[in-house]
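Structure first, commentary second.
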Amino acid sequence: DQPGLDRSHGCAVMFAHSECAYAKINLALHVRSRRDDGYHELESLVAFLDSGDTLSIDNAEEDSLTVDGDFAELVGNADDNLVLRALRWARENNNGSMPPYAIKLSKHLPVAAGLGGGSADAAALLRILSRQGQFFSLYDTDQFDHLATLGADVPACVISRPLIMRGIGEQIEEVADESLANISAVLVNPGVPVPTGPVFKAWDGVDRGALPGGSALDIAIIGRNDLQSPAIALCPIIGDVLAMLDNSSPVVARMSGSGATCFALYDDPEKAGAVADAIGDKQPGWWVQAGSLLR
């Protein structure tokens, strides 16, 4: 184990200058329509795993970003990285002066994986700045329209608790019930990045209806992911991942976001851990992570 790593949460222990960028899971994702601006109107039940990337900042003479971790080499050009874009955005919208920062990102989540990794990283940075008093209106819901200009998942990732998001991600409604409180999850990615754009483009345009009613767990079980079929058509190995998870008798198994990561939910953490170990042993080249859903 790496020094300073809290295995109960899967991220480095949080301090004033560091934060976990929690993996986002779309437990249900209903695509309602395509807008004139090219974006899609969505309804999604979102939860977060208790692990993800780790981000830390220190005062510096100029802004910089260094990346390490399992997926560091897959992170894009530093100037275009969503973390640095979020820093520039925060500086432009901050009421006072903001010093330069040296940012370190430990990239443990796969890239282009349907887990909101870049948005989660940006949100982690914004939470640190907010905690330090550098950014005061971060949790103001009126700010979410503006936050969504960074990325559709950024408002949800700022909250990092079970919620329903609508629109392109700027309309946030936190989940009040506790039906996900004791649920564990296994995430599996077969190591194939799936860009979001082609998957949305392959969606057939059919509105299959709104999220169902009921508890969050009910919505997860009854709901669907409208991008799952087009993603499998583009990346058939996603179907293999889902078949393996379905064979483990989960509460529900589905693809997250636009793929290729799939999830399965369990009401027994020991079973979740055993399933993750079994899949990891059978497919050592796949990324597999087990954990609990954040409350």
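A note on labels: chains of the structure tokens are A, B, ... as shown, every chain counts residues from 1, and ligands are counted from 1 in their shown order.
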
What residues in range 15-183 of chain A get the DSSP label alpha helix (DSSP H)? Please answer as an mmCIF file with all heavy atoms, in the first residue's frame.
data_model
loop_
_atom_site.group_PDB
_atom_site.id
_atom_site.type_symbol
_atom_site.label_atom_id
_atom_site.label_comp_id
_atom_site.auth_asym_id
_atom_site.auth_seq_id
_atom_site.Cartn_x
_atom_site.Cartn_y
_atom_site.Cartn_z
ATOM 1 N N LEU A 82 -8.883 19.943 -17.727
ATOM 2 C CA LEU A 82 -10.043 20.558 -17.082
ATOM 3 C C LEU A 82 -9.704 21.120 -15.705
ATOM 4 O O LEU A 82 -10.329 22.078 -15.247
ATOM 5 C CB LEU A 82 -11.172 19.521 -16.982
ATOM 6 C CG LEU A 82 -12.556 20.031 -16.577
ATOM 7 C CD1 LEU A 82 -12.991 21.186 -17.457
ATOM 8 C CD2 LEU A 82 -13.570 18.889 -16.653
ATOM 9 N N VAL A 83 -8.698 20.564 -15.042
ATOM 10 C CA VAL A 83 -8.293 21.099 -13.737
ATOM 11 C C VAL A 83 -7.762 22.523 -13.877
ATOM 12 O O VAL A 83 -8.147 23.428 -13.121
ATOM 13 C CB VAL A 83 -7.237 20.182 -13.087
ATOM 14 C CG1 VAL A 83 -6.663 20.830 -11.837
ATOM 15 C CG2 VAL A 83 -7.844 18.823 -12.738
ATOM 16 N N LEU A 84 -6.884 22.739 -14.847
ATOM 17 C CA LEU A 84 -6.352 24.090 -15.052
ATOM 18 C C LEU A 84 -7.421 25.031 -15.578
ATOM 19 O O LEU A 84 -7.441 26.219 -15.234
ATOM 20 C CB LEU A 84 -5.161 24.055 -15.999
ATOM 21 C CG LEU A 84 -3.854 23.516 -15.403
ATOM 22 C CD1 LEU A 84 -2.756 23.506 -16.449
ATOM 23 C CD2 LEU A 84 -3.427 24.343 -14.190
ATOM 24 N N ARG A 85 -8.329 24.514 -16.397
ATOM 25 C CA ARG A 85 -9.441 25.342 -16.841
ATOM 26 C C ARG A 85 -10.304 25.758 -15.652
ATOM 27 O O ARG A 85 -10.776 26.903 -15.574
ATOM 28 C CB ARG A 85 -10.279 24.584 -17.868
ATOM 29 C CG ARG A 85 -9.611 24.463 -19.235
ATOM 30 C CD ARG A 85 -10.375 23.531 -20.152
ATOM 31 N NE ARG A 85 -11.795 23.870 -20.208
ATOM 32 C CZ ARG A 85 -12.746 23.024 -20.605
ATOM 33 N NH1 ARG A 85 -12.409 21.776 -20.954
ATOM 34 N NH2 ARG A 85 -13.998 23.402 -20.649
ATOM 35 N N ALA A 86 -10.517 24.826 -14.700
ATOM 36 C CA ALA A 86 -11.305 25.144 -13.506
ATOM 37 C C ALA A 86 -10.593 26.183 -12.647
ATOM 38 O O ALA A 86 -11.238 27.067 -12.069
ATOM 39 C CB ALA A 86 -11.572 23.877 -12.703
ATOM 40 N N LEU A 87 -9.273 26.099 -12.571
ATOM 41 C CA LEU A 87 -8.516 27.086 -11.802
ATOM 42 C C LEU A 87 -8.655 28.465 -12.437
ATOM 43 O O LEU A 87 -8.892 29.462 -11.733
ATOM 44 C CB LEU A 87 -7.043 26.674 -11.731
ATOM 45 C CG LEU A 87 -6.122 27.645 -10.993
ATOM 46 C CD1 LEU A 87 -6.562 27.835 -9.546
ATOM 47 C CD2 LEU A 87 -4.669 27.148 -11.053
ATOM 48 N N ARG A 88 -8.526 28.532 -13.748
ATOM 49 C CA ARG A 88 -8.684 29.830 -14.425
ATOM 50 C C ARG A 88 -10.111 30.357 -14.244
ATOM 51 O O ARG A 88 -10.310 31.557 -14.018
ATOM 52 C CB ARG A 88 -8.340 29.685 -15.911
ATOM 53 C CG ARG A 88 -6.867 29.407 -16.177
ATOM 54 C CD ARG A 88 -6.515 29.573 -17.650
ATOM 55 N NE ARG A 88 -7.121 28.558 -18.484
ATOM 56 C CZ ARG A 88 -6.521 27.412 -18.827
ATOM 57 N NH1 ARG A 88 -5.302 27.147 -18.381
ATOM 58 N NH2 ARG A 88 -7.130 26.551 -19.620
ATOM 59 N N TRP A 89 -11.081 29.458 -14.325
ATOM 60 C CA TRP A 89 -12.482 29.840 -14.151
ATOM 61 C C TRP A 89 -12.707 30.394 -12.738
ATOM 62 O O TRP A 89 -13.357 31.424 -12.554
ATOM 63 C CB TRP A 89 -13.376 28.628 -14.401
ATOM 64 C CG TRP A 89 -14.846 28.866 -14.292
ATOM 65 C CD1 TRP A 89 -15.700 29.269 -15.274
ATOM 66 C CD2 TRP A 89 -15.656 28.696 -13.115
ATOM 67 N NE1 TRP A 89 -16.986 29.366 -14.787
ATOM 68 C CE2 TRP A 89 -16.983 29.016 -13.469
ATOM 69 C CE3 TRP A 89 -15.387 28.308 -11.810
ATOM 70 C CZ2 TRP A 89 -18.033 28.952 -12.556
ATOM 71 C CZ3 TRP A 89 -16.428 28.251 -10.894
ATOM 72 C CH2 TRP A 89 -17.741 28.567 -11.280
ATOM 73 N N ALA A 90 -12.157 29.713 -11.730
ATOM 74 C CA ALA A 90 -12.314 30.163 -10.347
ATOM 75 C C ALA A 90 -11.642 31.516 -10.140
ATOM 76 O O ALA A 90 -12.185 32.400 -9.465
ATOM 77 C CB ALA A 90 -11.720 29.119 -9.391
ATOM 78 N N ARG A 91 -10.477 31.689 -10.739
ATOM 79 C CA ARG A 91 -9.771 32.968 -10.582
ATOM 80 C C ARG A 91 -10.563 34.112 -11.216
ATOM 81 O O ARG A 91 -10.660 35.203 -10.659
ATOM 82 C CB ARG A 91 -8.372 32.856 -11.191
ATOM 83 C CG ARG A 91 -7.513 34.085 -10.961
ATOM 84 C CD ARG A 91 -6.071 33.845 -11.387
ATOM 85 N NE ARG A 91 -5.343 33.061 -10.393
ATOM 86 C CZ ARG A 91 -4.729 31.909 -10.634
ATOM 87 N NH1 ARG A 91 -4.767 31.373 -11.842
ATOM 88 N NH2 ARG A 91 -4.077 31.294 -9.670
ATOM 89 N N GLU A 92 -11.157 33.851 -12.363
ATOM 90 C CA GLU A 92 -11.952 34.875 -13.043
ATOM 91 C C GLU A 92 -13.215 35.224 -12.265
ATOM 92 O O GLU A 92 -13.705 36.358 -12.350
ATOM 93 C CB GLU A 92 -12.336 34.384 -14.441
ATOM 94 C CG GLU A 92 -11.165 34.285 -15.406
ATOM 95 C CD GLU A 92 -11.541 33.546 -16.677
ATOM 96 O OE1 GLU A 92 -12.715 33.123 -16.793
ATOM 97 O OE2 GLU A 92 -10.656 33.383 -17.545
ATOM 98 N N ASN A 93 -13.742 34.259 -11.505
ATOM 99 C CA ASN A 93 -15.012 34.470 -10.801
ATOM 100 C C ASN A 93 -14.842 34.693 -9.306
ATOM 101 O O ASN A 93 -15.832 34.790 -8.579
ATOM 102 C CB ASN A 93 -15.929 33.271 -11.042
ATOM 103 C CG ASN A 93 -16.431 33.206 -12.471
ATOM 104 O OD1 ASN A 93 -17.388 33.873 -12.832
ATOM 105 N ND2 ASN A 93 -15.765 32.401 -13.297
ATOM 106 N N GLY A 117 -14.307 11.467 -14.729
ATOM 107 C CA GLY A 117 -13.000 11.671 -14.120
ATOM 108 C C GLY A 117 -12.485 13.090 -14.223
ATOM 109 O O GLY A 117 -12.068 13.682 -13.227
ATOM 110 N N GLY A 118 -12.487 13.685 -15.424
ATOM 111 C CA GLY A 118 -12.013 15.052 -15.575
ATOM 112 C C GLY A 118 -12.862 16.045 -14.806
ATOM 113 O O GLY A 118 -12.341 16.963 -14.163
ATOM 114 N N SER A 119 -14.174 15.850 -14.840
ATOM 115 C CA SER A 119 -15.079 16.727 -14.088
ATOM 116 C C SER A 119 -14.881 16.556 -12.590
ATOM 117 O O SER A 119 -14.938 17.528 -11.827
ATOM 118 C CB SER A 119 -16.528 16.429 -14.460
ATOM 119 O OG SER A 119 -16.790 16.775 -15.804
ATOM 120 N N ALA A 120 -14.659 15.312 -12.149
ATOM 121 C CA ALA A 120 -14.417 15.058 -10.728
ATOM 122 C C ALA A 120 -13.135 15.724 -10.272
ATOM 123 O O ALA A 120 -13.063 16.280 -9.163
ATOM 124 C CB ALA A 120 -14.367 13.553 -10.469
ATOM 125 N N ASP A 121 -12.098 15.698 -11.122
ATOM 126 C CA ASP A 121 -10.840 16.363 -10.782
ATOM 127 C C ASP A 121 -11.040 17.865 -10.647
ATOM 128 O O ASP A 121 -10.551 18.490 -9.705
ATOM 129 C CB ASP A 121 -9.787 16.076 -11.852
ATOM 130 C CG ASP A 121 -9.441 14.598 -11.973
ATOM 131 O OD1 ASP A 121 -9.661 13.860 -10.999
ATOM 132 O OD2 ASP A 121 -8.975 14.193 -13.049
ATOM 133 N N ALA A 122 -11.752 18.460 -11.612
ATOM 134 C CA ALA A 122 -12.024 19.895 -11.556
ATOM 135 C C ALA A 122 -12.827 20.246 -10.311
ATOM 136 O O ALA A 122 -12.547 21.246 -9.632
ATOM 137 C CB ALA A 122 -12.770 20.331 -12.816
ATOM 138 N N ALA A 123 -13.833 19.429 -9.997
ATOM 139 C CA ALA A 123 -14.670 19.681 -8.818
ATOM 140 C C ALA A 123 -13.857 19.573 -7.534
ATOM 141 O O ALA A 123 -14.069 20.344 -6.586
ATOM 142 C CB ALA A 123 -15.836 18.702 -8.792
ATOM 143 N N ALA A 124 -12.916 18.623 -7.488
ATOM 144 C CA ALA A 124 -12.068 18.482 -6.300
ATOM 145 C C ALA A 124 -11.241 19.739 -6.082
ATOM 146 O O ALA A 124 -11.095 20.226 -4.952
ATOM 147 C CB ALA A 124 -11.162 17.265 -6.448
ATOM 148 N N LEU A 125 -10.694 20.287 -7.162
ATOM 149 C CA LEU A 125 -9.946 21.534 -7.037
ATOM 150 C C LEU A 125 -10.839 22.653 -6.522
ATOM 151 O O LEU A 125 -10.458 23.409 -5.608
ATOM 152 C CB LEU A 125 -9.361 21.922 -8.396
ATOM 153 C CG LEU A 125 -8.710 23.313 -8.436
ATOM 154 C CD1 LEU A 125 -7.442 23.338 -7.597
ATOM 155 C CD2 LEU A 125 -8.420 23.743 -9.862
ATOM 156 N N LEU A 126 -12.039 22.776 -7.062
ATOM 157 C CA LEU A 126 -12.947 23.840 -6.633
ATOM 158 C C LEU A 126 -13.348 23.675 -5.169
ATOM 159 O O LEU A 126 -13.507 24.669 -4.446
ATOM 160 C CB LEU A 126 -14.178 23.860 -7.534
ATOM 161 C CG LEU A 126 -13.924 24.238 -8.993
ATOM 162 C CD1 LEU A 126 -15.200 24.102 -9.821
ATOM 163 C CD2 LEU A 126 -13.358 25.660 -9.109
ATOM 164 N N ARG A 127 -13.495 22.422 -4.711
ATOM 165 C CA ARG A 127 -13.819 22.207 -3.288
ATOM 166 C C ARG A 127 -12.666 22.656 -2.397
ATOM 167 O O ARG A 127 -12.883 23.228 -1.322
ATOM 168 C CB ARG A 127 -14.169 20.740 -3.036
ATOM 169 C CG ARG A 127 -15.543 20.331 -3.550
ATOM 170 C CD ARG A 127 -16.018 19.025 -2.897
ATOM 171 N NE ARG A 127 -15.113 17.911 -3.167
ATOM 172 C CZ ARG A 127 -15.205 17.108 -4.223
ATOM 173 N NH1 ARG A 127 -16.147 17.306 -5.133
ATOM 174 N NH2 ARG A 127 -14.361 16.114 -4.390
ATOM 175 N N ILE A 128 -11.429 22.384 -2.813
ATOM 176 C CA ILE A 128 -10.282 22.844 -2.022
ATOM 177 C C ILE A 128 -10.282 24.374 -1.939
ATOM 178 O O ILE A 128 -10.129 24.948 -0.856
ATOM 179 C CB ILE A 128 -8.959 22.358 -2.646
ATOM 180 C CG1 ILE A 128 -8.854 20.837 -2.590
ATOM 181 C CG2 ILE A 128 -7.770 22.986 -1.912
ATOM 182 C CD1 ILE A 128 -7.633 20.285 -3.327
ATOM 183 N N LEU A 129 -10.455 25.027 -3.070
ATOM 184 C CA LEU A 129 -10.451 26.491 -3.082
ATOM 185 C C LEU A 129 -11.578 27.044 -2.226
ATOM 186 O O LEU A 129 -11.392 28.028 -1.500
ATOM 187 C CB LEU A 129 -10.567 27.000 -4.517
ATOM 188 C CG LEU A 129 -9.421 26.630 -5.463
ATOM 189 C CD1 LEU A 129 -9.698 27.147 -6.866
ATOM 190 C CD2 LEU A 129 -8.091 27.161 -4.944
ATOM 191 N N SER A 130 -12.752 26.398 -2.297
ATOM 192 C CA SER A 130 -13.877 26.853 -1.487
ATOM 193 C C SER A 130 -13.573 26.675 -0.003
ATOM 194 O O SER A 130 -13.873 27.554 0.816
ATOM 195 C CB SER A 130 -15.134 26.072 -1.872
ATOM 196 O OG SER A 130 -16.237 26.468 -1.094
ATOM 197 N N ARG A 131 -12.965 25.541 0.348
ATOM 198 C CA ARG A 131 -12.637 25.268 1.753
ATOM 199 C C ARG A 131 -11.625 26.276 2.281
ATOM 200 O O ARG A 131 -11.637 26.617 3.467
ATOM 201 C CB ARG A 131 -12.101 23.841 1.867
ATOM 202 C CG ARG A 131 -11.933 23.338 3.284
ATOM 203 C CD ARG A 131 -11.808 21.826 3.330
ATOM 204 N NE ARG A 131 -10.672 21.330 2.579
ATOM 205 C CZ ARG A 131 -10.757 20.401 1.635
ATOM 206 N NH1 ARG A 131 -11.927 19.897 1.283
ATOM 207 N NH2 ARG A 131 -9.672 19.973 1.006
ATOM 208 N N PHE A 144 -24.703 26.871 -10.679
ATOM 209 C CA PHE A 144 -24.520 25.615 -11.399
ATOM 210 C C PHE A 144 -24.594 25.789 -12.916
ATOM 211 O O PHE A 144 -23.924 25.068 -13.653
ATOM 212 C CB PHE A 144 -25.535 24.579 -10.926
ATOM 213 C CG PHE A 144 -25.223 24.013 -9.559
ATOM 214 C CD1 PHE A 144 -26.132 23.206 -8.906
ATOM 215 C CD2 PHE A 144 -24.025 24.274 -8.930
ATOM 216 C CE1 PHE A 144 -25.853 22.681 -7.654
ATOM 217 C CE2 PHE A 144 -23.726 23.766 -7.675
ATOM 218 C CZ PHE A 144 -24.643 22.966 -7.040
ATOM 219 N N ASP A 145 -25.408 26.738 -13.393
ATOM 220 C CA ASP A 145 -25.432 27.007 -14.831
ATOM 221 C C ASP A 145 -24.034 27.399 -15.314
ATOM 222 O O ASP A 145 -23.580 26.963 -16.374
ATOM 223 C CB ASP A 145 -26.409 28.147 -15.148
ATOM 224 C CG ASP A 145 -27.849 27.667 -15.199
ATOM 225 O OD1 ASP A 145 -28.060 26.461 -15.366
ATOM 226 O OD2 ASP A 145 -28.755 28.502 -15.075
ATOM 227 N N HIS A 146 -23.385 28.223 -14.500
ATOM 228 C CA HIS A 146 -22.049 28.698 -14.844
ATOM 229 C C HIS A 146 -21.037 27.567 -14.722
ATOM 230 O O HIS A 146 -20.147 27.408 -15.566
ATOM 231 C CB HIS A 146 -21.678 29.868 -13.924
ATOM 232 C CG HIS A 146 -20.614 30.753 -14.487
ATOM 233 N ND1 HIS A 146 -20.085 31.811 -13.798
ATOM 234 C CD2 HIS A 146 -19.963 30.723 -15.672
ATOM 235 C CE1 HIS A 146 -19.157 32.406 -14.532
ATOM 236 N NE2 HIS A 146 -19.059 31.767 -15.667
ATOM 237 N N LEU A 147 -21.156 26.767 -13.664
ATOM 238 C CA LEU A 147 -20.256 25.630 -13.482
ATOM 239 C C LEU A 147 -20.350 24.648 -14.641
ATOM 240 O O LEU A 147 -19.346 24.061 -15.056
ATOM 241 C CB LEU A 147 -20.600 24.889 -12.178
ATOM 242 C CG LEU A 147 -19.927 25.329 -10.892
ATOM 243 C CD1 LEU A 147 -20.502 24.559 -9.713
ATOM 244 C CD2 LEU A 147 -18.423 25.117 -10.966
ATOM 245 N N VAL A 154 -19.654 18.683 -13.926
ATOM 246 C CA VAL A 154 -18.967 19.386 -12.850
ATOM 247 C C VAL A 154 -19.902 19.738 -11.689
ATOM 248 O O VAL A 154 -19.548 19.508 -10.521
ATOM 249 C CB VAL A 154 -18.238 20.638 -13.377
ATOM 250 C CG1 VAL A 154 -17.680 21.480 -12.225
ATOM 251 C CG2 VAL A 154 -17.098 20.219 -14.313
ATOM 252 N N PRO A 155 -21.117 20.283 -11.912
ATOM 253 C CA PRO A 155 -21.980 20.573 -10.757
ATOM 254 C C PRO A 155 -22.261 19.342 -9.900
ATOM 255 O O PRO A 155 -22.194 19.408 -8.662
ATOM 256 C CB PRO A 155 -23.260 21.112 -11.408
ATOM 257 C CG PRO A 155 -22.810 21.681 -12.708
ATOM 258 C CD PRO A 155 -21.730 20.762 -13.180
ATOM 259 N N ALA A 156 -22.570 18.204 -10.537
ATOM 260 C CA ALA A 156 -22.832 16.985 -9.772
ATOM 261 C C ALA A 156 -21.589 16.546 -9.011
ATOM 262 O O ALA A 156 -21.670 16.132 -7.845
ATOM 263 C CB ALA A 156 -23.300 15.867 -10.707
ATOM 264 N N CYS A 157 -20.415 16.631 -9.653
ATOM 265 C CA CYS A 157 -19.182 16.195 -9.000
ATOM 266 C C CYS A 157 -18.788 17.109 -7.850
ATOM 267 O O CYS A 157 -18.115 16.676 -6.912
ATOM 268 C CB CYS A 157 -18.057 16.107 -10.026
ATOM 269 S SG CYS A 157 -18.230 14.744 -11.202
ATOM 270 N N VAL A 158 -19.181 18.373 -7.895
ATOM 271 C CA VAL A 158 -18.949 19.264 -6.765
ATOM 272 C C VAL A 158 -19.690 18.739 -5.532
ATOM 273 O O VAL A 158 -19.147 18.696 -4.425
ATOM 274 C CB VAL A 158 -19.401 20.702 -7.092
ATOM 275 C CG1 VAL A 158 -19.562 21.534 -5.828
ATOM 276 C CG2 VAL A 158 -18.388 21.357 -8.022
ATOM 277 N N ILE A 159 -20.929 18.289 -5.704
ATOM 278 C CA ILE A 159 -21.736 17.784 -4.598
ATOM 279 C C ILE A 159 -21.228 16.429 -4.127
ATOM 280 O O ILE A 159 -21.086 16.167 -2.928
ATOM 281 C CB ILE A 159 -23.216 17.684 -5.015
ATOM 282 C CG1 ILE A 159 -23.743 19.062 -5.453
ATOM 283 C CG2 ILE A 159 -24.070 17.119 -3.894
ATOM 284 C CD1 ILE A 159 -23.744 20.103 -4.379
#

Excluding same-chain residues fewer than 5 positions from Glu270 in chain A, what lies within 12 Å of it counting only C-alpha atoms, as number ranges by chain? A: 183-186, 275-277, 290-292

Keeping C-alpha atoms for every residue in the selection just given, could you write it to a file as a compact mmCIF listing (two decimals), in the first residue's frame?
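And here is the file that came out, out.txt:
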# COMPACT_ATOMS: atom_id res chain seq x y z
CA ILE A 183 -25.05 -0.41 -1.01
CA SER A 184 -21.65 -1.50 -2.32
CA ALA A 185 -20.55 -1.30 -5.92
CA VAL A 186 -18.09 -2.93 -8.26
CA VAL A 275 -16.78 -10.33 -7.20
CA ALA A 276 -14.11 -7.68 -7.79
CA ASP A 277 -11.34 -10.12 -6.84
CA ALA A 290 -14.96 -2.18 -5.34
CA GLY A 291 -16.25 0.20 -2.70
CA SER A 292 -19.26 1.81 -1.05

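When only C-alpha atoms are used to compute distances to Glu178 in chain A, the closest of the residues A:Ala72, A:Phe48, A:Leu293, A:Gly114 turns out to be A:Leu293.
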
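If only C-alpha atoms are the atoms counted, then among A:Leu109, A:Ala152, A:Ile164, A:Ile103 the closest residue to Glu61 in chain A is A:Ile103.
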
Could you tell me which of A:Val192, A:Ala148, A:Met255, A:Leu65 comes closest to Arg224 in chain A if we count only C-alpha atoms? A:Met255

Please provide as JSON, numbers by chain all residues within 7 Å of range 28-42 of chain A, with the sequence filter that same-chain residues fewer than 3 positions apart are discarded (counting only C-alpha atoms). {"A": [45, 166, 167, 168, 205, 207, 209, 210, 211, 220, 223, 224, 225, 226, 257]}

Tell me, in Å to one decimal, how far CA of Ser258 in chain A is from CA of Ile238 in chain A. 10.8 Å

Which neighbours of range 198-204 of chain A fall inside 7 Å, counting only C-alpha atoms, when residues of the same chain fewer than 5 positions from it are skipped, and could you give them as a VMD selection string? chain A and resid 227 230 to 231 258

Those same residues, written as a JSON list (two decimals), in the first residue's frame with C-alpha atoms?
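Writing the result to again-v3.json gives the following:
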[["chain", "number", "residue", "atom", "x", "y", "z"],
["A", 227, "LEU", "CA", -26.46, 5.07, -24.17],
["A", 230, "PRO", "CA", -25.11, 2.42, -28.86],
["A", 231, "ALA", "CA", -21.94, 2.10, -26.75],
["A", 258, "SER", "CA", -21.27, 6.78, -22.06]]

Spatial neighbours of Gly259 in chain A, max dist 12 Å, only C-alpha atoms, sep filter under 5 positions, as a PyMOL selection string: chain A and resi 24-26+29+110-116+187-200+225-239+241-242+254

Using DSSP on the backbone, list every residue of range 90-154 of chain A that comes out as strand (DSSP E or B), and give them as number ranges by chain. A: 101-106
